[in-house]
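Only one structure is covered here, and it is reproduced in the block below.
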2 protein chains.
Amino acid sequence: MGANGYCVAVAGATGAVGEVMLRVLEERKFPVRRLKPLASARSVGKTVTFCGEAVTVEELGPGSFAGVDVALFSAGASRSKEFAPAAWKAGAVVVDNSSAFRMEPDVPLVVPEINPHAIAEYTTRGIIANPNCTTIVTLMAVAPLHRYSRVRRMVASSYQAVSGAGAKALEELKQQIRAWAAGEPLVVEAFPYQIAFNVLPHIDSFLENGYTKEEMKLVNETRKILEDPGVLVSPTTVRVPVFTAHSVSVYVETEAKIGVAKARELFATFPGLQVLDDPGRKQYPMPLLAAGQDDCYVGRIREDLAVPNGLNFWVVGDQLRKGAALNAVQIAEILIERYL
Amino acid sequence: MGANGYCVAVAGATGAVGEVMLRVLEERKFPVRRLKPLASARSVGKTVTFCGEAVTVEELGPGSFAGVDVALFSAGASRSKEFAPAAWKAGAVVVDNSSAFRMEPDVPLVVPEINPHAIAEYTTRGIIANPNCTTIVTLMAVAPLHRYSRVRRMVASSYQAVSGAGAKALEELKQQIRAWAAGEPLVVEAFPYQIAFNVLPHIDSFLENGYTKEEMKLVNETRKILEDPGVLVSPTTVRVPVFTAHSVSVYVETEAKIGVAKARELFATFPGLQVLDDPGRKQYPMPLLAAGQDDCYVGRIREDLAVPNGLNFWVVGDQLRKGAALNAVQIAEILIERYL
């Protein structure tokens, strides 16, 4: 690096994840020499605040990346597909929060606590993919078990927050709540049905096999991140009327029996994961507790009643932080430290 | 029966389930000659409305059951333990919605669509137990599969409505929502933590093995109702900020492969269960849709990606109706039709 740090572009700087990216870069004192906030034409001229200064948003385009060292993308899959190759051509390494490149064999898909070594493979395409939010939160608890004894299969049901669907979706829940309290009719636009006081077993679009894209991300990304194509995953992803932080009810079956005591030890010593599991004192993870936190929380750790090598647990994490912005910045930290 | 119908007592007539019991008795034109609403001392003198008439609430006591033919109990387990034997001694058959007698070997535990024949066993103790609400909703979808090919195991994660915790809990969510909209502090009393915009992996009290009582009800009652002590159940029960209707994400593994088409047929022909499973048209069960309905709804029917004999689905039902009051009245209907 130059003695003064790196030029960092944030594509999608005005979105829900982009804004958290700016905060995480500040909090972690990422060595930013120059920040380039990029967004679509309609946000041009707006400013974002970074380290106490107002920085003007520029239009995301093929010419945005001259002189940029690291480009954090969170502007949707089509923007990533369109502009990530141009960024790399201009010399910027891309950390992409969209689903555009995650399953490309020559693009690493990384959770820094789990497979940081994969970052080295960025050199072919110049892109490192940030996994799906639910996948990150789930694997923060599954990975330490898998490292100890291979996870043969996993059944996961999620309880996902509305902010995972973007700033508009978050606002829609708030508006529905306000309307309900005022006795006014509720407006439904961002979600297919009312989300206030409801639960939607529908996240992202449906595929031929009856699963949603969100569910198949959990299946396929899990295998890639754990570097084990044999892990069997049965996913059900569900939206709940929570503002921030995804929760996941997980059953795993491992090759050897782990047991609750050992699992707790494996969880407790894994970086970025905190054990909160004292039912007698009503201590267990909840979204209200995980929102705004960098760590994920695991609890309700129970030996399965049916399968000797089975474990059940409950993991919760802020999907905007560890599930998106924080994970991307952590990738960028390893990238500059080891490779740039 | 007398030509004019039966004398029916409702113990807990002023509670959340008791009130729905009165409505269900009316709707189904249960042959009530005389209604005796019973409740604790503090509700004495209140009236309930039944078939357009105000009926005065009497205090629940050992002397309440003279002349009563059928006593529907929904006043909590301790009241059931205290007064159900007295009711039977006085000649009333008890349909008990509490957990007090469910696992007693000489008390039948009945979902009328699944094991109506068990009602015949009421003669020993004079009690027929109504199952746990989440168990009923889950089994309304699991039973038709089990009948076709034995369900070897089941992994279930629930999304349970606040009214399942009683009228006070329902009011607490409403108050928290109103307080949030008004920018006022939220009061937490009925639940251990704020339930608005949150998710609590904690229903009923915790047991030594780390599971909650609610979770163990799903395990044990499933085996008793399906009359198959070998069914293996991995349960996680969770409270969500929904007013009414419980949802359950279910994975089942059957002895023979069933497949989606056959499962759909088995579901569609099962009484009290409706298939709502057309993802392309965004048709799937949701609590807002099931609330107030007698039927349970099943959808998101998917072949498991991992296990050839595995199926995933999503079932939703109104836990005050099919999960409690309706199921109890259905039991009483069979009782009077076949046995009284």
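Chain labels run A, B, ... following the order of the structure tokens; each chain numbers its residues from 1, and ligands are numbered from 1 in the order shown.
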Listing only residues of chain A within 6 Å of chain B, what is the closest atom pair and its distance in Å (to one decimal) for each, using only C-alpha atoms, sorted by chain and residue number ascending, as a Markdown table?
```
| residue | atom | partner | partner_atom | distance |
| --- | --- | --- | --- | --- |
| A:Arg178 | CA | B:Ala181 | CA | 5.3 |
| A:Ala181 | CA | B:Arg178 | CA | 5.3 |
| A:Phe197 | CA | B:Val242 | CA | 4.1 |
| A:Asn198 | CA | B:Val242 | CA | 5.6 |
| A:Gly210 | CA | B:Arg302 | CA | 5.8 |
| A:Leu232 | CA | B:Ala306 | CA | 5.3 |
| A:Pro241 | CA | B:Phe197 | CA | 5.8 |
| A:Val242 | CA | B:Phe197 | CA | 4.2 |
| A:Pro287 | CA | B:Asn198 | CA | 5.8 |
| A:Leu288 | CA | B:Asn198 | CA | 5.8 |
| A:Arg302 | CA | B:Gly210 | CA | 5.8 |
| A:Ala306 | CA | B:Leu232 | CA | 5.3 |
```
Worksheet item: Among region 31-233 of chain A, which residues carry a DSSP assignment of strand (DSSP E or B), reported as an NGL selection string?
Response: :A and (32-39 or 47-50 or 53-56 or 58-59 or 70-73 or 93-96 or 109 or 127-129 or 151-160 or 200 or 206 or 212 or 232-233)
Fill in: B:Arg338, B:Arg34, B:His146, B:Lys257 ranked by distance to Ile225 (chain B), top pick (using only C-alpha atoms)
B:His146
Worksheet entry | Residue contacts of Arg79 (chain A) (10 Å, only C-alpha atoms) excluding same-chain residues fewer than 5 positions away, as a ChimeraX atom specification | /A:11-12,39-40,60-61,73-74,84,98,100
Item to complete: Check region 108-178 of chain B with DSSP on the backbone and list each residue it calls alpha helix (DSSP H), as a ChimeraX atom specification.
Response: /B:133-148,167-178
Practice prompt. Using CA of Phe83 (chain B) and CA of Pro62 (chain B) as the two end points, give the distance in Å to one decimal.
Written response: 5.9 Å
Item to complete: Excluding Phe270 (chain A) and any residue of its chain fewer than 5 positions from it, enumerate the residues within 10 Å of it, using only C-alpha atoms, and give them as a ChimeraX atom specification.
Response: /A:113-114,140-141,143-145,265,275
Serialized selection, N, CA, C and O atoms, as a PDB file, in the first residue's frame:
```pdb
ATOM      1  N   GLU A 113     -13.472 -16.305   9.131  1.00  0.00           N
ATOM      2  CA  GLU A 113     -13.203 -17.229  10.243  1.00  0.00           C
ATOM      3  C   GLU A 113     -13.155 -18.679   9.769  1.00  0.00           C
ATOM      4  O   GLU A 113     -12.680 -19.548  10.498  1.00  0.00           O
ATOM      5  N   ILE A 114     -13.709 -18.959   8.579  1.00  0.00           N
ATOM      6  CA  ILE A 114     -13.858 -20.349   8.145  1.00  0.00           C
ATOM      7  C   ILE A 114     -12.841 -20.727   7.068  1.00  0.00           C
ATOM      8  O   ILE A 114     -12.115 -21.708   7.211  1.00  0.00           O
ATOM      9  N   MET A 140     -21.386 -19.824  10.825  1.00  0.00           N
ATOM     10  CA  MET A 140     -20.570 -19.382  11.966  1.00  0.00           C
ATOM     11  C   MET A 140     -20.697 -20.374  13.130  1.00  0.00           C
ATOM     12  O   MET A 140     -19.787 -20.505  13.936  1.00  0.00           O
ATOM     13  N   ALA A 141     -21.814 -21.093  13.206  1.00  0.00           N
ATOM     14  CA  ALA A 141     -21.953 -22.117  14.249  1.00  0.00           C
ATOM     15  C   ALA A 141     -21.662 -23.515  13.713  1.00  0.00           C
ATOM     16  O   ALA A 141     -21.144 -24.364  14.439  1.00  0.00           O
ATOM     17  N   ALA A 143     -19.537 -24.379  11.230  1.00  0.00           N
ATOM     18  CA  ALA A 143     -18.138 -24.617  10.847  1.00  0.00           C
ATOM     19  C   ALA A 143     -17.273 -25.189  11.974  1.00  0.00           C
ATOM     20  O   ALA A 143     -16.526 -26.147  11.734  1.00  0.00           O
ATOM     21  N   PRO A 144     -17.343 -24.640  13.190  1.00  0.00           N
ATOM     22  CA  PRO A 144     -16.492 -25.228  14.233  1.00  0.00           C
ATOM     23  C   PRO A 144     -16.827 -26.696  14.524  1.00  0.00           C
ATOM     24  O   PRO A 144     -15.931 -27.473  14.864  1.00  0.00           O
ATOM     25  N   LEU A 145     -18.094 -27.061  14.382  1.00  0.00           N
ATOM     26  CA  LEU A 145     -18.459 -28.472  14.558  1.00  0.00           C
ATOM     27  C   LEU A 145     -17.874 -29.297  13.421  1.00  0.00           C
ATOM     28  O   LEU A 145     -17.275 -30.359  13.637  1.00  0.00           O
ATOM     29  N   GLU A 265     -17.768 -26.013  23.866  1.00  0.00           N
ATOM     30  CA  GLU A 265     -16.344 -25.635  23.859  1.00  0.00           C
ATOM     31  C   GLU A 265     -15.914 -25.209  22.445  1.00  0.00           C
ATOM     32  O   GLU A 265     -15.216 -24.202  22.274  1.00  0.00           O
ATOM     33  N   VAL A 275     -21.251 -17.908  22.842  1.00  0.00           N
ATOM     34  CA  VAL A 275     -22.234 -18.853  23.369  1.00  0.00           C
ATOM     35  C   VAL A 275     -23.121 -18.130  24.375  1.00  0.00           C
ATOM     36  O   VAL A 275     -22.619 -17.458  25.275  1.00  0.00           O
TER      37      VAL A 275
END
```
Worksheet item: Between A:Glu255, A:Arg42, A:Glu53, A:Val17, which one has atoms that come closest to Asp318 (chain A), using only C-alpha atoms?
Response: A:Val17
Worksheet item: Quick one, how far is CA of Glu19 (chain B) from CA of Val48 (chain B)?
Response: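 Taking CA of Glu19 (chain B) and CA of Val48 (chain B), their separation equals 8.2 Å.
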List the neighbours of Thr254 (chain B) out to 6 Å using only C-alpha atoms; skip same-chain residues closer than 5 positions along the sequence, and give me the result as a short mmCIF file (atom, residue, chain, number, x, y, z; two decimals) with N, CA, C and O atoms, in the first residue's frame.
```
data_model
loop_
_atom_site.label_atom_id
_atom_site.label_comp_id
_atom_site.auth_asym_id
_atom_site.auth_seq_id
_atom_site.Cartn_x
_atom_site.Cartn_y
_atom_site.Cartn_z
N SER B 149 -47.16 -44.21 4.72
CA SER B 149 -45.86 -44.85 4.96
C SER B 149 -45.32 -44.31 6.27
O SER B 149 -45.23 -43.09 6.47
N ARG B 150 -44.96 -45.22 7.15
CA ARG B 150 -44.58 -44.84 8.51
C ARG B 150 -43.56 -43.70 8.54
O ARG B 150 -42.56 -43.73 7.83
N VAL B 151 -43.83 -42.69 9.36
CA VAL B 151 -42.88 -41.60 9.57
C VAL B 151 -41.86 -42.09 10.60
O VAL B 151 -42.19 -42.34 11.75
N ARG B 152 -40.62 -42.23 10.12
CA ARG B 152 -39.56 -42.71 11.01
C ARG B 152 -39.05 -41.59 11.89
O ARG B 152 -38.74 -41.77 13.05
N ASN B 309 -36.21 -40.56 0.97
CA ASN B 309 -37.54 -40.71 1.58
C ASN B 309 -37.92 -39.49 2.42
O ASN B 309 -38.81 -39.58 3.25
#
```
Worksheet item: Do you know which residues are at most 8 Å from Lys46 (chain B) counting only C-alpha atoms, after dropping those on the same chain fewer than 2 positions away, and could you put them as number ranges by chain?
Response: B: 43-44, 48, 56-57
Selection to disk with all heavy atoms, as a compact mmCIF listing (two decimals), in the first residue's frame:
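Final output, again-v7.txt:
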```txt
# COMPACT_ATOMS: atom_id res chain seq x y z
N SER B 43 -63.82 -14.08 38.34
CA SER B 43 -64.68 -13.86 37.17
C SER B 43 -66.16 -14.11 37.49
O SER B 43 -67.02 -13.93 36.62
CB SER B 43 -64.26 -14.77 36.02
OG SER B 43 -63.01 -14.36 35.50
N VAL B 44 -66.45 -14.53 38.72
CA VAL B 44 -67.83 -14.85 39.07
C VAL B 44 -68.70 -13.60 38.96
O VAL B 44 -68.30 -12.52 39.38
CB VAL B 44 -67.90 -15.44 40.50
CG1 VAL B 44 -69.35 -15.52 41.00
CG2 VAL B 44 -67.26 -16.83 40.51
N VAL B 48 -71.08 -14.31 30.01
CA VAL B 48 -70.59 -14.60 28.65
C VAL B 48 -71.83 -14.66 27.76
O VAL B 48 -72.94 -14.89 28.24
CB VAL B 48 -69.81 -15.94 28.58
CG1 VAL B 48 -68.55 -15.88 29.43
CG2 VAL B 48 -70.69 -17.12 29.00
N THR B 56 -74.55 -16.13 33.14
CA THR B 56 -73.70 -15.72 34.26
C THR B 56 -72.65 -16.78 34.57
O THR B 56 -72.94 -17.98 34.63
CB THR B 56 -74.57 -15.47 35.52
OG1 THR B 56 -75.57 -14.52 35.16
CG2 THR B 56 -73.72 -14.93 36.67
N VAL B 57 -71.42 -16.32 34.78
CA VAL B 57 -70.31 -17.22 35.09
C VAL B 57 -70.39 -17.65 36.55
O VAL B 57 -70.62 -16.82 37.44
CB VAL B 57 -68.97 -16.49 34.82
CG1 VAL B 57 -67.78 -17.36 35.25
CG2 VAL B 57 -68.85 -16.12 33.34
```
Worksheet, complete the sentence: Taken to one decimal, the CA of Asn220 (chain A)-CA of Gly166 (chain A) distance is 22.9 Å
Worksheet item: region 118-128 of chain B: which residues within 6 Å, counting only C-alpha atoms, same-chain residues fewer than 3 positions away excluded, as a PyMOL selection string?
Response: chain B and resi 88+93-95+107-108+115
